[in-house]
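**Student:** Got a structure here, written out as structure tokens. Questions coming.
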Amino acid sequence: MPPRRYNFINKLGRLPRAFDPRIPHLSATMAGRRRPPPPAAVDYTKSARSRLPAELGMLLNDKLQNCTCAAYYHARQVWTFHAKGAPITENDSDVKLLYEEACGYKPSEPGEGPGGVVQHVLRFLHKDGAPIGTGGGKRDKTVAYLEVDPRSTDDVKRTIADCGVAYVGLNLPQNVLPHEAEVPKVWTLDPKRSKIVEGHAVVLPGYDESGAIVISWGKFYWMTWEFFHEYVDEVYAIADDAWVTATKRTPAGLSLPQLAELMRYV
């Protein structure tokens with residue numbers, strides 16, 4: 001059944017998570033291999049010479065239930081910021097086209113669209129690619145995506161350190177998204193355990209011992225690890241070609257041929 005719709009300033013749109021056994025798992029790729037612990041802290045919102053702007057754009061997530069697509073384009077802003085020295089923000093028409101193709105949104109029909117399943121969107125990005133460059137048929141395909149156990153804080157940290165971001169799906173509680181009010185800058189556990197509003201998809205471009213940076217609705221927030229472990233139920237490590245080329249970093253330190261082999265049957 002379709003998700004409930006709420007009258008919020010910001011939209012959501014992540015549908016319940018899927019379980020595709022073909023998707024490789026980060027933990028399996030590291031089985032039997034000793035890796036050093038992840039860095040104590042990482043922040044990919046800044047570089048040696050600059051930092052990402054405070055406003056990255058809504059990417060239509062104030063009008064449509066397209067968070068699963070907007071999250072990818074926010075990840076791409078981080079990747080291109082480090083690969084090219086400046087973030088590339090795609091036009092809303094490209095974002096809408098991805099929502100149509102990957103999630104079945106029909107602009108001719110009223111409403112905010114059907115929302116999206118994270119694994120379906122990630123598979124589309126890998127197989128078909130995201131529209132970029134505002135027309136002309138240009139596509140950006142991801143190299144690979146691996147599922148990460150959200151219960152392992154170290155693996156989530158490794159994902160961010162290796163991939164620039166962790167792409168996560170979570171169930172957003174009422175205390176984080178109050179009606180007609182500003183989203184709090186820090187997402188913490190509500191002692192009253194307020195009800196779940198709906199699913200959401202975001203990217204995490206940094207962390208320290210207390211929590212992780214969140215990019216959502218074009219802005220930066222902070223999520224405590226307690227909040228993360230209560231509400232996040234899916235995490236993915238995405239290998240992007242521009243990021244890999246610029247930083248030489250890949251999920252679990254795997255080579256591009258190894259990643260390609262892992263994705264053969266997905």
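Ligands are numbered from 1 in the order shown, residues from 1 within each chain, and chains are lettered A, B, ... in the order they appear in the structure tokens.
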Tell me which protein, DNA and RNA residues are within 12 Å of Phe228 in chain A, counting only C-alpha atoms, leaving out same-chain ones fewer than 6 positions away, and put them as a PyMOL selection string.

**Tutor:** chain A and resi 150-153+156+168-173+186-189+202+204+207+210-214+222+234-235

**Student:** Show which residues sit within 8 Å of Ile215 in chain A, as a PyMOL selection string. Count only C-alpha atoms, and ignore same-chain residues fewer than 5 positions away.

**Tutor:** chain A and resi 71+74+202-205+220-221

**Student:** Could you pull out all residues of range 68-249 of chain A with a DSSP call of strand (DSSP E) and give them as a ChimeraX atom specification?

**Tutor:** /A:130-131,139-140,144-148,166-173,186-187,196-207,211-216,219-224,232-239

**Student:** With a distance cut-off of 9 Å and only C-alpha atoms, select the neighbouring residues of Val143 in chain A, excluding the residue or stretch itself and same-chain residues fewer than 5 positions from it, and output the selection as a count of residues only.

**Tutor:** 9

**Student:** For Ala83 in chain A, find every residue with an atom within 9 Å (counting only C-alpha atoms), except residues of its own chain fewer than 4 positions away, and show them as a list of chain:residue names.

**Tutor:**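 In the requested format, the answer is A:Val78, A:Trp79, A:Pro87, A:Ala242, A:Trp243, A:Val244, A:Thr245, A:Ala246, A:Thr247.
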
**Student:** Would you please give, as JSON, numbers by chain, all residues of range 107-177 of chain A that DSSP assigns to helix (DSSP H, G or I) based on the backbone?

**Tutor:** {"A": [118, 119, 120, 121, 122, 123, 124, 125, 126, 127, 153, 154, 155, 156, 157, 158, 159, 160, 161, 162, 163, 174, 175, 176]}

**Student:** Could you write those residues out with C-alpha atoms, as an mmCIF file, in the first residue's frame?

**Tutor:**
data_model
loop_
_atom_site.group_PDB
_atom_site.id
_atom_site.type_symbol
_atom_site.label_atom_id
_atom_site.label_comp_id
_atom_site.auth_asym_id
_atom_site.auth_seq_id
_atom_site.Cartn_x
_atom_site.Cartn_y
_atom_site.Cartn_z
ATOM 1 C CA VAL A 118 16.635 2.384 -2.265
ATOM 2 C CA GLN A 119 17.914 -0.875 -3.755
ATOM 3 C CA HIS A 120 15.879 -0.337 -6.922
ATOM 4 C CA VAL A 121 17.323 3.159 -7.336
ATOM 5 C CA LEU A 122 20.885 1.954 -6.714
ATOM 6 C CA ARG A 123 20.491 -0.853 -9.233
ATOM 7 C CA PHE A 124 19.199 1.653 -11.808
ATOM 8 C CA LEU A 125 22.148 3.968 -11.145
ATOM 9 C CA HIS A 126 24.553 1.073 -11.695
ATOM 10 C CA LYS A 127 22.873 -0.396 -14.791
ATOM 11 C CA THR A 153 29.644 1.504 13.383
ATOM 12 C CA ASP A 154 33.183 0.737 12.193
ATOM 13 C CA ASP A 155 31.928 -0.535 8.826
ATOM 14 C CA VAL A 156 29.757 2.570 8.408
ATOM 15 C CA LYS A 157 32.782 4.731 9.206
ATOM 16 C CA ARG A 158 34.918 2.734 6.740
ATOM 17 C CA THR A 159 32.251 3.287 4.090
ATOM 18 C CA ILE A 160 32.335 7.054 4.547
ATOM 19 C CA ALA A 161 36.152 7.141 4.668
ATOM 20 C CA ASP A 162 36.483 4.981 1.526
ATOM 21 C CA CYS A 163 33.559 6.255 -0.555
ATOM 22 C CA GLN A 174 8.228 12.893 14.406
ATOM 23 C CA ASN A 175 10.681 14.825 16.614
ATOM 24 C CA VAL A 176 13.019 15.330 13.635
#

**Student:** Have a look at A:Pro184, A:Pro107, A:Gly13, A:Gly137 and name the one nearest to Ala70 in chain A; count only C-alpha atoms.

**Tutor:** A:Gly13
